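J.: The following file, query31.cif, comprises mmCIF, C-alpha atoms:
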data_data
#
loop_
_atom_site.group_PDB
_atom_site.id
_atom_site.type_symbol
_atom_site.label_atom_id
_atom_site.label_comp_id
_atom_site.auth_asym_id
_atom_site.auth_seq_id
_atom_site.Cartn_x
_atom_site.Cartn_y
_atom_site.Cartn_z
ATOM 1 C CA MET T 1 0.000 0.000 0.000
ATOM 2 C CA ASP T 2 1.352 3.387 -0.919
ATOM 3 C CA ALA T 3 2.018 5.804 1.869
ATOM 4 C CA LEU T 4 0.947 9.346 1.064
ATOM 5 C CA ASP T 5 0.930 12.590 3.041
ATOM 6 C CA GLY T 6 -1.746 13.870 5.357
ATOM 7 C CA ASN T 7 -2.382 16.416 2.625
ATOM 8 C CA ALA T 8 -3.969 13.639 0.565
ATOM 9 C CA VAL T 9 -6.831 13.273 3.057
ATOM 10 C CA ALA T 10 -7.474 17.000 3.433
ATOM 11 C CA GLY T 11 -11.011 16.623 2.079
ATOM 12 C CA THR T 12 -12.044 13.991 4.588
ATOM 13 C CA LEU T 13 -10.435 15.892 7.454
ATOM 14 C CA ALA T 14 -12.133 19.131 6.418
ATOM 15 C CA GLU T 15 -15.468 17.334 6.252
ATOM 16 C CA LEU T 16 -15.045 15.983 9.787
ATOM 17 C CA PHE T 17 -13.462 18.982 11.478
ATOM 18 C CA GLY T 18 -15.015 21.805 9.469
ATOM 19 C CA SER T 19 -11.587 23.287 8.965
ATOM 20 C CA ASP T 20 -8.431 22.722 6.991
ATOM 21 C CA LEU T 21 -6.304 20.399 9.052
ATOM 22 C CA THR T 22 -3.240 20.106 6.823
ATOM 23 C CA ASP T 23 -1.476 23.054 8.404
ATOM 24 C CA ALA T 24 -2.783 22.241 11.860
ATOM 25 C CA THR T 25 -0.064 20.629 13.943
ATOM 26 C CA THR T 26 0.073 17.696 16.304
ATOM 27 C CA ILE T 27 2.469 16.727 19.035
ATOM 28 C CA CYS T 28 3.381 13.076 18.681
ATOM 29 C CA ILE T 29 2.905 11.004 21.792
ATOM 30 C CA GLY T 30 5.760 8.769 20.683
ATOM 31 C CA CYS T 31 8.583 11.206 20.031
ATOM 32 C CA GLY T 32 7.208 14.611 20.995
ATOM 33 C CA ASP T 33 7.679 16.019 17.494
ATOM 34 C CA HIS T 34 5.510 18.937 16.517
ATOM 35 C CA ARG T 35 4.498 18.550 12.859
ATOM 36 C CA PRO T 36 1.818 19.735 10.419
ATOM 37 C CA VAL T 37 -0.887 17.136 9.816
ATOM 38 C CA GLY T 38 -0.208 17.594 6.089
ATOM 39 C CA THR T 39 3.186 15.966 6.588
ATOM 40 C CA LEU T 40 2.076 12.876 8.521
ATOM 41 C CA ILE T 41 2.321 9.561 6.697
ATOM 42 C CA ALA T 42 -1.146 8.721 5.412
ATOM 43 C CA TYR T 43 -2.316 5.209 4.634
ATOM 44 C CA VAL T 44 -5.526 5.445 2.692
ATOM 45 C CA GLY T 45 -5.840 2.080 0.970
ATOM 46 C CA GLY T 46 -7.444 0.182 3.840
ATOM 47 C CA PRO T 47 -10.924 0.373 5.305
ATOM 48 C CA GLY T 48 -10.002 3.556 7.136
ATOM 49 C CA ILE T 49 -7.368 6.278 7.201
ATOM 50 C CA VAL T 50 -4.268 5.918 9.325
ATOM 51 C CA LEU T 51 -1.933 8.856 9.969
ATOM 52 C CA ARG T 52 1.490 8.075 11.391
ATOM 53 C CA CYS T 53 4.296 10.285 12.627
ATOM 54 C CA ARG T 54 6.914 10.728 9.928
ATOM 55 C CA GLY T 55 9.630 10.751 12.566
ATOM 56 C CA CYS T 56 8.913 7.722 14.753
ATOM 57 C CA LEU T 57 6.004 6.021 12.905
ATOM 58 C CA THR T 58 3.677 6.175 15.913
ATOM 59 C CA VAL T 59 0.038 5.948 14.855
ATOM 60 C CA GLN T 60 -1.321 9.398 15.678
ATOM 61 C CA ILE T 61 -4.790 9.428 14.157
ATOM 62 C CA GLN T 62 -7.084 6.691 12.862
ATOM 63 C CA ILE T 63 -10.374 7.389 11.125
ATOM 64 C CA VAL T 64 -12.858 4.655 10.379
ATOM 65 C CA ARG T 65 -16.179 5.288 8.714
ATOM 66 C CA THR T 66 -19.164 3.001 8.909
ATOM 67 C CA PRO T 67 -22.436 3.696 7.155
ATOM 68 C CA ARG T 68 -23.773 5.497 10.239
ATOM 69 C CA ARG T 69 -20.781 6.676 12.224
ATOM 70 C CA VAL T 70 -17.256 7.971 11.971
ATOM 71 C CA ARG T 71 -14.755 6.970 14.639
ATOM 72 C CA ILE T 72 -11.751 9.279 15.083
ATOM 73 C CA ASP T 73 -9.068 7.790 17.291
ATOM 74 C CA LEU T 74 -6.520 10.431 18.304
ATOM 75 C CA ARG T 75 -4.528 8.287 20.693
ATOM 76 C CA GLY T 76 -1.128 9.195 19.282
ATOM 77 C CA ALA T 77 -1.633 12.936 19.018
ATOM 78 C CA ARG T 78 -1.065 14.623 22.339
ATOM 79 C CA LEU T 79 -2.247 17.984 21.061
ATOM 80 C CA LEU T 80 -4.004 19.143 17.930
ATOM 81 C CA GLU T 81 -3.446 22.810 17.209
ATOM 82 C CA LEU T 82 -5.440 24.510 14.436
ATOM 83 C CA VAL T 83 -4.596 27.710 12.635
ATOM 84 C CA VAL T 84 -7.008 30.611 13.119
ATOM 85 C CA PRO T 85 -9.271 31.414 11.367
ATOM 86 C CA THR T 86 -10.309 27.793 11.258
ATOM 87 C CA SER T 87 -13.156 28.185 8.799
ATOM 88 C CA GLN T 88 -11.055 29.581 5.927
ATOM 89 C CA ARG T 89 -9.590 27.695 2.962
ATOM 90 C CA MET N 90 -14.583 24.035 1.770
ATOM 91 C CA ALA N 91 -15.978 20.674 2.743
ATOM 92 C CA ALA N 92 -19.211 21.167 0.807
ATOM 93 C CA TRP N 93 -19.695 19.406 -2.515
ATOM 94 C CA ARG N 94 -20.427 21.692 -5.427
ATOM 95 C CA VAL N 95 -21.655 20.794 -8.885
ATOM 96 C CA ALA N 96 -19.130 21.854 -11.515
ATOM 97 C CA THR N 97 -19.695 22.069 -15.252
ATOM 98 C CA VAL N 98 -17.090 20.839 -17.689
ATOM 99 C CA VAL N 99 -16.318 23.806 -19.953
ATOM 100 C CA GLU N 100 -13.958 21.891 -22.204
ATOM 101 C CA THR N 101 -11.501 19.029 -22.273
ATOM 102 C CA VAL N 102 -8.201 19.490 -24.075
ATOM 103 C CA PRO N 103 -5.919 16.557 -24.907
ATOM 104 C CA GLU N 104 -2.533 17.449 -23.488
ATOM 105 C CA THR N 105 -0.394 14.378 -24.160
ATOM 106 C CA VAL N 106 -1.191 10.835 -25.267
ATOM 107 C CA HIS N 107 -2.054 10.033 -21.656
ATOM 108 C CA ALA N 108 -3.235 13.325 -20.192
ATOM 109 C CA VAL N 109 -6.165 15.677 -20.613
ATOM 110 C CA THR N 110 -6.759 19.169 -19.287
ATOM 111 C CA ILE N 111 -10.260 19.407 -17.842
ATOM 112 C CA ARG N 112 -11.546 22.956 -17.551
ATOM 113 C CA LEU N 113 -14.285 23.372 -14.970
ATOM 114 C CA GLU N 114 -16.629 26.167 -14.044
ATOM 115 C CA VAL N 115 -17.583 25.967 -10.379
ATOM 116 C CA PRO N 116 -20.355 28.326 -9.239
ATOM 117 C CA ASP N 117 -19.525 29.969 -5.891
ATOM 118 C CA TRP N 118 -15.971 28.586 -5.943
ATOM 119 C CA PRO N 119 -14.343 30.330 -2.959
ATOM 120 C CA GLY N 120 -11.021 30.731 -4.781
ATOM 121 C CA HIS N 121 -7.875 28.719 -4.287
ATOM 122 C CA ILE N 122 -4.220 29.193 -3.481
ATOM 123 C CA ALA N 123 -1.674 27.762 -5.923
ATOM 124 C CA GLY N 124 -0.727 24.283 -4.744
ATOM 125 C CA GLN N 125 -4.122 23.294 -3.388
ATOM 126 C CA HIS N 126 -6.162 20.353 -4.611
ATOM 127 C CA LEU N 127 -9.765 19.295 -4.734
ATOM 128 C CA ASP N 128 -11.731 16.084 -4.409
ATOM 129 C CA LEU N 129 -13.747 15.082 -7.438
ATOM 130 C CA ARG N 130 -16.699 12.713 -7.171
ATOM 131 C CA LEU N 131 -18.490 10.839 -9.900
ATOM 132 C CA THR N 132 -21.803 9.154 -9.226
ATOM 133 C CA ALA N 133 -23.333 6.578 -11.544
ATOM 134 C CA GLU N 134 -27.040 6.322 -12.204
ATOM 135 C CA ASP N 135 -27.283 3.370 -9.844
ATOM 136 C CA GLY N 136 -25.845 5.487 -7.025
ATOM 137 C CA TYR N 137 -22.356 4.004 -7.056
ATOM 138 C CA SER N 138 -19.822 6.761 -6.544
ATOM 139 C CA ALA N 139 -16.060 7.079 -6.757
ATOM 140 C CA GLN N 140 -13.918 9.897 -5.460
ATOM 141 C CA ARG N 141 -10.367 11.029 -6.277
ATOM 142 C CA SER N 142 -8.116 13.955 -5.389
ATOM 143 C CA TYR N 143 -6.629 16.158 -8.118
ATOM 144 C CA SER N 144 -4.255 19.060 -7.833
ATOM 145 C CA ILE N 145 -5.456 22.307 -9.353
ATOM 146 C CA ALA N 146 -3.271 23.233 -12.342
ATOM 147 C CA SER N 147 -4.479 26.784 -12.920
ATOM 148 C CA ALA N 148 -3.627 29.986 -11.139
ATOM 149 C CA PRO N 149 -6.537 31.477 -9.193
ATOM 150 C CA ASP N 150 -9.050 32.681 -11.791
ATOM 151 C CA GLY N 151 -12.516 33.277 -10.396
ATOM 152 C CA GLU N 152 -14.741 30.254 -10.857
ATOM 153 C CA ARG N 153 -12.571 28.612 -13.525
ATOM 154 C CA ILE N 154 -10.363 25.675 -12.598
ATOM 155 C CA ASP N 155 -8.087 23.527 -14.745
ATOM 156 C CA LEU N 156 -7.216 19.984 -13.777
ATOM 157 C CA ASP N 157 -4.653 17.868 -15.620
ATOM 158 C CA VAL N 158 -5.667 14.244 -15.407
ATOM 159 C CA VAL N 159 -3.300 11.487 -16.453
ATOM 160 C CA ARG N 160 -4.878 8.249 -17.571
ATOM 161 C CA LEU N 161 -4.084 5.129 -15.569
ATOM 162 C CA ASP N 162 -5.177 2.278 -17.799
ATOM 163 C CA ASP N 163 -6.188 0.030 -14.926
ATOM 164 C CA GLY N 164 -7.817 2.896 -13.043
ATOM 165 C CA GLU N 165 -11.478 3.296 -12.317
ATOM 166 C CA VAL N 166 -11.923 7.057 -12.656
ATOM 167 C CA SER N 167 -9.132 8.417 -14.859
ATOM 168 C CA PRO N 168 -10.085 6.442 -18.018
ATOM 169 C CA TYR N 169 -13.548 7.966 -17.801
ATOM 170 C CA LEU N 170 -12.246 11.482 -17.164
ATOM 171 C CA THR N 171 -9.678 11.331 -19.950
ATOM 172 C CA THR N 172 -11.804 9.576 -22.571
ATOM 173 C CA ASP N 173 -15.521 10.008 -22.029
ATOM 174 C CA LEU N 174 -15.933 13.340 -20.282
ATOM 175 C CA GLU N 175 -17.309 16.103 -22.522
ATOM 176 C CA ALA N 176 -18.119 19.784 -22.355
ATOM 177 C CA GLY N 177 -21.416 20.267 -20.546
ATOM 178 C CA ASP N 178 -20.993 17.236 -18.295
ATOM 179 C CA LEU N 179 -21.446 17.746 -14.571
ATOM 180 C CA VAL N 180 -19.131 16.482 -11.837
ATOM 181 C CA GLU N 181 -19.043 17.154 -8.105
ATOM 182 C CA VAL N 182 -16.047 18.828 -6.514
ATOM 183 C CA ARG N 183 -15.067 19.673 -2.955
ATOM 184 C CA GLY N 184 -12.395 22.196 -2.176
ATOM 185 C CA PRO N 185 -10.064 23.950 -2.319
ATOM 186 C CA LEU N 186 -8.192 21.634 0.006
ATOM 187 C CA GLY N 187 -4.874 21.780 1.799
ATOM 188 C CA GLY N 188 -3.274 24.825 3.371
ATOM 189 C CA TYR N 189 0.149 23.254 3.763
ATOM 190 C CA PHE N 190 1.479 22.703 0.253
ATOM 191 C CA THR N 191 0.757 26.227 -0.959
ATOM 192 C CA TRP N 192 2.742 29.093 -2.424
ATOM 193 C CA GLU N 193 1.998 32.486 -0.919
ATOM 194 C CA PRO N 194 2.650 35.243 -3.487
ATOM 195 C CA ALA N 195 3.656 37.657 -0.745
ATOM 196 C CA ASP N 196 6.604 35.459 0.233
ATOM 197 C CA PRO N 197 9.661 37.385 -1.006
ATOM 198 C CA ARG N 198 12.004 34.403 -0.882
ATOM 199 C CA PRO N 199 13.084 32.510 -3.993
ATOM 200 C CA THR N 200 11.141 29.335 -4.684
ATOM 201 C CA LEU N 201 12.392 26.019 -6.011
ATOM 202 C CA LEU N 202 9.759 23.712 -7.477
ATOM 203 C CA VAL N 203 10.623 20.079 -8.135
ATOM 204 C CA GLY N 204 8.029 17.840 -9.767
ATOM 205 C CA GLY N 205 8.039 14.242 -10.941
ATOM 206 C CA GLY N 206 5.504 13.172 -13.569
ATOM 207 C CA SER N 207 2.051 14.587 -12.885
ATOM 208 C CA GLY N 208 3.485 15.910 -9.618
ATOM 209 C CA VAL N 209 4.259 18.961 -11.701
ATOM 210 C CA VAL N 210 0.597 19.991 -11.681
ATOM 211 C CA PRO N 211 0.378 21.932 -8.375
ATOM 212 C CA LEU N 212 3.784 23.441 -9.170
ATOM 213 C CA LEU N 213 2.463 24.577 -12.542
ATOM 214 C CA ALA N 214 -0.271 26.468 -10.684
ATOM 215 C CA MET N 215 2.441 28.202 -8.637
ATOM 216 C CA LEU N 216 4.479 29.073 -11.723
ATOM 217 C CA ARG N 217 1.407 30.351 -13.553
ATOM 218 C CA HIS N 218 0.367 32.463 -10.592
ATOM 219 C CA HIS N 219 3.893 33.833 -10.200
ATOM 220 C CA ALA N 220 3.858 34.836 -13.883
ATOM 221 C CA ALA N 221 0.341 36.268 -13.726
ATOM 222 C CA LEU N 222 1.362 38.505 -10.828
ATOM 223 C CA ASP N 223 4.755 39.222 -12.411
ATOM 224 C CA ARG N 224 6.485 38.619 -9.079
ATOM 225 C CA PRO N 225 10.162 39.634 -9.028
ATOM 226 C CA SER N 226 11.313 36.863 -6.672
ATOM 227 C CA GLY N 227 12.996 33.955 -8.408
ATOM 228 C CA MET N 228 11.054 30.789 -9.126
ATOM 229 C CA HIS N 229 12.715 27.782 -10.718
ATOM 230 C CA LEU N 230 10.946 24.613 -11.773
ATOM 231 C CA VAL N 231 12.723 21.300 -12.212
ATOM 232 C CA TYR N 232 10.415 18.814 -13.888
ATOM 233 C CA SER N 233 11.202 15.150 -14.333
ATOM 234 C CA ALA N 234 9.259 13.322 -17.038
ATOM 235 C CA ARG N 235 9.776 9.983 -18.744
ATOM 236 C CA THR N 236 9.955 11.107 -22.355
ATOM 237 C CA ALA N 237 9.511 14.350 -24.272
ATOM 238 C CA GLY N 238 6.035 13.153 -25.238
ATOM 239 C CA ASP N 239 5.017 12.963 -21.578
ATOM 240 C CA VAL N 240 5.868 16.585 -20.777
ATOM 241 C CA LEU N 241 2.708 18.464 -19.852
ATOM 242 C CA HIS N 242 2.273 21.979 -21.257
ATOM 243 C CA ARG N 243 5.724 22.026 -22.825
ATOM 244 C CA ASP N 244 5.124 25.082 -25.000
ATOM 245 C CA GLU N 245 3.630 27.027 -22.123
ATOM 246 C CA LEU N 246 6.507 26.039 -19.845
ATOM 247 C CA ALA N 247 8.944 27.437 -22.392
ATOM 248 C CA ALA N 248 6.983 30.692 -22.463
ATOM 249 C CA LEU N 249 6.810 30.884 -18.655
ATOM 250 C CA ALA N 250 10.574 30.561 -18.376
ATOM 251 C CA SER N 251 11.520 34.200 -18.589
ATOM 252 C CA GLY N 252 12.742 36.927 -16.252
ATOM 253 C CA PRO N 253 12.850 35.554 -12.698
ATOM 254 C CA ARG N 254 11.339 32.234 -13.797
ATOM 255 C CA ALA N 255 13.319 29.286 -15.106
ATOM 256 C CA VAL N 256 12.288 25.791 -16.152
ATOM 257 C CA THR N 257 14.481 22.713 -16.442
ATOM 258 C CA VAL N 258 13.006 19.500 -17.812
ATOM 259 C CA THR N 259 14.846 16.227 -17.299
ATOM 260 C CA LEU N 260 13.855 13.060 -19.140
ATOM 261 C CA THR N 261 14.489 9.716 -17.482
ATOM 262 C CA ARG N 262 13.590 7.303 -20.285
ATOM 263 C CA ASP N 263 14.432 9.220 -23.402
ATOM 264 C CA ALA N 264 17.768 8.178 -24.828
ATOM 265 C CA GLY N 265 17.470 10.854 -27.493
ATOM 266 C CA ALA N 266 16.889 13.711 -25.057
ATOM 267 C CA ALA N 267 18.094 16.889 -26.711
ATOM 268 C CA PRO N 268 18.054 20.538 -25.638
ATOM 269 C CA PRO N 269 16.048 22.109 -24.128
ATOM 270 C CA PHE N 270 15.654 18.789 -22.307
ATOM 271 C CA ARG N 271 18.263 17.168 -20.100
ATOM 272 C CA ARG N 272 18.696 13.474 -19.777
ATOM 273 C CA GLY N 273 18.714 11.631 -16.478
ATOM 274 C CA ARG N 274 17.219 11.929 -13.059
ATOM 275 C CA VAL N 275 16.814 14.884 -10.744
ATOM 276 C CA ASP N 276 19.722 14.342 -8.422
ATOM 277 C CA ARG N 277 21.859 16.408 -6.140
ATOM 278 C CA THR N 278 23.980 17.676 -9.034
ATOM 279 C CA VAL N 279 20.964 18.973 -10.950
ATOM 280 C CA LEU N 280 19.462 20.522 -7.809
ATOM 281 C CA ALA N 281 22.723 22.224 -6.888
ATOM 282 C CA GLU N 282 23.029 23.635 -10.381
ATOM 283 C CA VAL N 283 19.448 24.774 -10.885
ATOM 284 C CA GLY N 284 18.420 25.609 -7.346
ATOM 285 C CA TRP N 285 19.675 28.216 -4.960
ATOM 286 C CA PRO N 286 22.419 27.722 -2.390
ATOM 287 C CA ALA N 287 21.116 26.919 1.073
ATOM 288 C CA ASP N 288 22.074 30.336 2.409
ATOM 289 C CA ALA N 289 19.570 31.950 0.031
ATOM 290 C CA ALA N 290 16.933 30.028 2.046
ATOM 291 C CA PRO N 291 14.593 29.232 -0.849
ATOM 292 C CA ARG N 292 11.198 27.719 -0.227
ATOM 293 C CA CYS N 293 11.251 24.280 -1.818
ATOM 294 C CA PHE N 294 8.150 22.426 -2.997
ATOM 295 C CA VAL N 295 8.545 18.810 -4.055
ATOM 296 C CA CYS N 296 5.683 16.788 -5.529
ATOM 297 C CA GLY N 297 5.575 13.412 -7.200
ATOM 298 C CA PRO N 298 5.501 9.695 -6.543
ATOM 299 C CA THR N 299 6.761 8.727 -3.091
ATOM 300 C CA PRO N 300 10.236 7.442 -4.130
ATOM 301 C CA PHE N 301 10.850 10.604 -6.185
ATOM 302 C CA VAL N 302 9.812 12.881 -3.330
ATOM 303 C CA GLU N 303 11.934 11.006 -0.795
ATOM 304 C CA ALA N 304 15.017 11.135 -3.021
ATOM 305 C CA VAL N 305 14.661 14.827 -3.876
ATOM 306 C CA ALA N 306 13.846 15.906 -0.311
ATOM 307 C CA GLU N 307 16.843 13.975 0.980
ATOM 308 C CA ALA N 308 19.100 15.559 -1.639
ATOM 309 C CA LEU N 309 17.852 19.059 -0.777
ATOM 310 C CA VAL N 310 18.428 18.545 2.939
ATOM 311 C CA GLY N 311 21.843 17.105 2.036
ATOM 312 C CA LEU N 312 22.593 20.354 0.207
ATOM 313 C CA GLY N 313 21.921 22.220 3.439
ATOM 314 C CA HIS N 314 18.322 23.320 3.035
ATOM 315 C CA ALA N 315 16.329 23.423 6.252
ATOM 316 C CA PRO N 316 13.888 20.495 6.414
ATOM 317 C CA ALA N 317 11.106 22.913 7.358
ATOM 318 C CA ASP N 318 11.680 24.786 4.074
ATOM 319 C CA VAL N 319 11.261 21.627 2.016
ATOM 320 C CA ARG N 320 7.548 21.035 1.630
ATOM 321 C CA THR N 321 6.542 17.762 0.085
ATOM 322 C CA GLU N 322 3.462 16.205 -1.423
ATOM 323 C CA ARG N 323 3.541 12.525 -2.271
ATOM 324 C CA PHE N 324 0.923 10.956 -4.409
ATOM 325 C CA GLY N 325 0.264 7.469 -5.510
ATOM 326 C CA PRO N 326 -2.449 5.598 -7.281
ATOM 327 C CA THR N 327 -5.447 5.438 -4.983
ATOM 328 C CA GLY N 328 -7.449 3.616 -7.578
ATOM 329 C CA GLY N 329 -6.773 5.985 -10.509
#
Kindly transcribe the structure held in the file into structure tokens.
T.:
Amino acid sequence: MDALDGNAVAGTLAELFGSDLTDATTICIGCGDHRPVGTLIAYVGGPGIVLRCRGCLTVQIQIVRTPRRVRIDLRGARLLELVVPTSQR
Amino acid sequence: MAAWRVATVVETVPETVHAVTIRLEVPDWPGHIAGQHLDLRLTAEDGYSAQRSYSIASAPDGERIDLDVVRLDDGEVSPYLTTDLEAGDLVEVRGPLGGYFTWEPADPRPTLLVGGGSGVVPLLAMLRHHAALDRPSGMHLVYSARTAGDVLHRDELAALASGPRAVTVTLTRDAGAAPPFRRGRVDRTVLAEVGWPADAAPRCFVCGPTPFVEAVAEALVGLGHAPADVRTERFGPTGG
């Protein structure tokens, strides 16, 4: 499966968060790195989306969609920081 | 941003044997920044739908958007877009998307663009916007294609390469590569020659297939560029 960038799932993230998330940053729970979501490693070929830290490969965010619900697991992102104004772009 | 809009196909223009420019008119398009992409969704009469992401090739221009779509023969969406789509057809789009891989015209620093294959598309939007605004800061594009026949917008690229803008095209699978094309891969030597020295602190944008992006980003960091100044966008077939 090809690994892409978080940028590749910008549409899904914007749909869920109502904001562009690619230049939002996370702090990785594994290594403490502070990186834009657009740079995380994105796996999009499976049943969900998996975003991993590009530094230490820790799974930061997992998104799984079922017909009725979306589950967003943020276990590997200690902080998610969005750029204001969040509704633009 | 996250809302789907119905876009009308204004025209489709064959660009190479494998690629087509699709010109869309999107009512209420909020405007984009060069480098952004959109999601495009096709829905069949039976309700089956397929969605793909495409970089926007055009500079910001009201409600008009150009996409360059390269046909993947075993793909599900690109054969339809490149072969069957016609003026007047409707498609759904969502965007503009992505605030990370974007060129801000107000940035006074020089900009190095490095694209592999159709990874040139978002960089083309940056080059077009730079030219449209007649920005004085330098902008150099290095574009790696397989053969001369695969080069997208080759005549326009030649025209864009003037004043502060330069374009270098390298061909990886064309034994007969002749000027203005170079033969070979985009490596450290090419980047050192065409790009700026690290102390000029250029913004670098690299887009293409994952192995291309990794190799170029590594070479740029090896030349002394700050990793934070090297912005990358990898793409791969997500179903075509």
J.: In terms of the shortest atom-to-atom distance over only C-alpha atoms, which of N:Leu260, N:Val275, N:Leu202, N:Ala220 is closest to Pro291 in chain N?
T.: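 Among the listed residues, N:Leu202 lies closest to Pro291 in chain N.
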J.: Return the neighbours of chain N among the residues of chain T, cut-off 12 Å, counting only C-alpha atoms, as a compact mmCIF listing (two decimals) with C-alpha atoms, keeping the file's coordinate frame.
T.:
# COMPACT_ATOMS: atom_id res chain seq x y z
CA MET T 1 0.00 0.00 0.00
CA ASP T 2 1.35 3.39 -0.92
CA ALA T 3 2.02 5.80 1.87
CA LEU T 4 0.95 9.35 1.06
CA ASP T 5 0.93 12.59 3.04
CA GLY T 6 -1.75 13.87 5.36
CA ASN T 7 -2.38 16.42 2.62
CA ALA T 8 -3.97 13.64 0.56
CA VAL T 9 -6.83 13.27 3.06
CA ALA T 10 -7.47 17.00 3.43
CA GLY T 11 -11.01 16.62 2.08
CA THR T 12 -12.04 13.99 4.59
CA LEU T 13 -10.44 15.89 7.45
CA ALA T 14 -12.13 19.13 6.42
CA GLU T 15 -15.47 17.33 6.25
CA LEU T 16 -15.04 15.98 9.79
CA PHE T 17 -13.46 18.98 11.48
CA GLY T 18 -15.02 21.80 9.47
CA SER T 19 -11.59 23.29 8.96
CA ASP T 20 -8.43 22.72 6.99
CA LEU T 21 -6.30 20.40 9.05
CA THR T 22 -3.24 20.11 6.82
CA ASP T 23 -1.48 23.05 8.40
CA ALA T 24 -2.78 22.24 11.86
CA THR T 25 -0.06 20.63 13.94
CA HIS T 34 5.51 18.94 16.52
CA ARG T 35 4.50 18.55 12.86
CA PRO T 36 1.82 19.74 10.42
CA VAL T 37 -0.89 17.14 9.82
CA GLY T 38 -0.21 17.59 6.09
CA THR T 39 3.19 15.97 6.59
CA LEU T 40 2.08 12.88 8.52
CA ILE T 41 2.32 9.56 6.70
CA ALA T 42 -1.15 8.72 5.41
CA TYR T 43 -2.32 5.21 4.63
CA VAL T 44 -5.53 5.44 2.69
CA GLY T 45 -5.84 2.08 0.97
CA GLY T 46 -7.44 0.18 3.84
CA ARG T 54 6.91 10.73 9.93
CA LEU T 82 -5.44 24.51 14.44
CA VAL T 83 -4.60 27.71 12.64
CA VAL T 84 -7.01 30.61 13.12
CA PRO T 85 -9.27 31.41 11.37
CA THR T 86 -10.31 27.79 11.26
CA SER T 87 -13.16 28.18 8.80
CA GLN T 88 -11.06 29.58 5.93
CA ARG T 89 -9.59 27.70 2.96
J.: Quick check on the file I pasted: which residues fall under the PyMOL selection byres ((chain N and resi 230) around 10)? Write them as a list in words.
T.: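 Applying the PyMOL selection byres ((chain N and resi 230) around 10) to the structure shown produces Thr200, Leu201, Leu202, Val203, Gly204, Val209, Leu212, Leu213, Met215, Leu216, Met228, His229, Val231, Tyr232, Ser233, Leu246, Ala250, Arg254, Ala255, Val256, Thr257, Val258, Val283, Gly284, Cys293, Phe294 and Val295 of chain N.
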J.: Pull out every residue that the PyMOL selection byres ((chain T and resi 70) around 12) matches in the shown coordinates and put them as a ChimeraX atom specification.
T.: /T:12-13,15-17,47-49,62-69,71-73
J.: Check what the PyMOL selection byres ((chain N and resi 131-136) around 12) selects in the file above and give those residues as a list in words.
T.: Trp93, Arg94, Val95, Ala96, Asp128, Leu129, Arg130, Tyr137, Ser138, Ala139, Gln140, Arg141, Ser142, Glu165, Val166, Ser167, Tyr169, Leu170, Leu174, Asp178, Leu179, Val180, Glu181, Val182 and Arg183 of chain N
J.: Those residues you just picked out, can you put them in a file as an mmCIF file, keeping the file's coordinate frame with C-alpha atoms?
T.:
data_model
loop_
_atom_site.group_PDB
_atom_site.id
_atom_site.type_symbol
_atom_site.label_atom_id
_atom_site.label_comp_id
_atom_site.auth_asym_id
_atom_site.auth_seq_id
_atom_site.Cartn_x
_atom_site.Cartn_y
_atom_site.Cartn_z
ATOM 1 C CA TRP N 93 -19.695 19.406 -2.515
ATOM 2 C CA ARG N 94 -20.427 21.692 -5.427
ATOM 3 C CA VAL N 95 -21.655 20.794 -8.885
ATOM 4 C CA ALA N 96 -19.130 21.854 -11.515
ATOM 5 C CA ASP N 128 -11.731 16.084 -4.409
ATOM 6 C CA LEU N 129 -13.747 15.082 -7.438
ATOM 7 C CA ARG N 130 -16.699 12.713 -7.171
ATOM 8 C CA TYR N 137 -22.356 4.004 -7.056
ATOM 9 C CA SER N 138 -19.822 6.761 -6.544
ATOM 10 C CA ALA N 139 -16.060 7.079 -6.757
ATOM 11 C CA GLN N 140 -13.918 9.897 -5.460
ATOM 12 C CA ARG N 141 -10.367 11.029 -6.277
ATOM 13 C CA SER N 142 -8.116 13.955 -5.389
ATOM 14 C CA GLU N 165 -11.478 3.296 -12.317
ATOM 15 C CA VAL N 166 -11.923 7.057 -12.656
ATOM 16 C CA SER N 167 -9.132 8.417 -14.859
ATOM 17 C CA TYR N 169 -13.548 7.966 -17.801
ATOM 18 C CA LEU N 170 -12.246 11.482 -17.164
ATOM 19 C CA LEU N 174 -15.933 13.340 -20.282
ATOM 20 C CA ASP N 178 -20.993 17.236 -18.295
ATOM 21 C CA LEU N 179 -21.446 17.746 -14.571
ATOM 22 C CA VAL N 180 -19.131 16.482 -11.837
ATOM 23 C CA GLU N 181 -19.043 17.154 -8.105
ATOM 24 C CA VAL N 182 -16.047 18.828 -6.514
ATOM 25 C CA ARG N 183 -15.067 19.673 -2.955
#
J.: Excluding range 27-31 of chain T and its own-chain neighbours fewer than 5 positions away, which residues fall within 10 Å of it when counting only C-alpha atoms? Please give them as a list in words.
T.: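 Everything that qualifies: Pro36, Val37, Arg52, Cys53, Arg54, Gly55, Cys56, Leu57, Thr58, Val59, Gln60, Arg75, Gly76, Ala77, Arg78, Leu79, Leu80 and Glu81 of chain T.
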J.: Which distance in Å separates CA of Ala146 in chain N and CA of Val302 in chain N, to one decimal?
T.: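 Between CA of Ala146 in chain N and CA of Val302 in chain N the gap works out to 19.0 Å.
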J.: When you draw a straight line from CA of Thr278 in chain N to CA of Ala234 in chain N, how long is it in Å?
T.: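 CA of Ala234 in chain N lies 17.3 Å from CA of Thr278 in chain N.
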J.: Go through N:Ala267, N:Ala306, N:Ala221, N:Val319 one by one, measure the shortest atom-to-atom distance of each to Arg292 in chain N using all atoms listed in the file, and give the residue with the smallest value.
T.: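 Smallest separation from Arg292 in chain N among the options: N:Val319.
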J.: Measure the distance from CA of Leu113 in chain N to CA of Leu156 in chain N in Å and round it to one decimal.
T.: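 Computing the Euclidean distance for CA of Leu113 in chain N and CA of Leu156 in chain N yields 7.9 Å.
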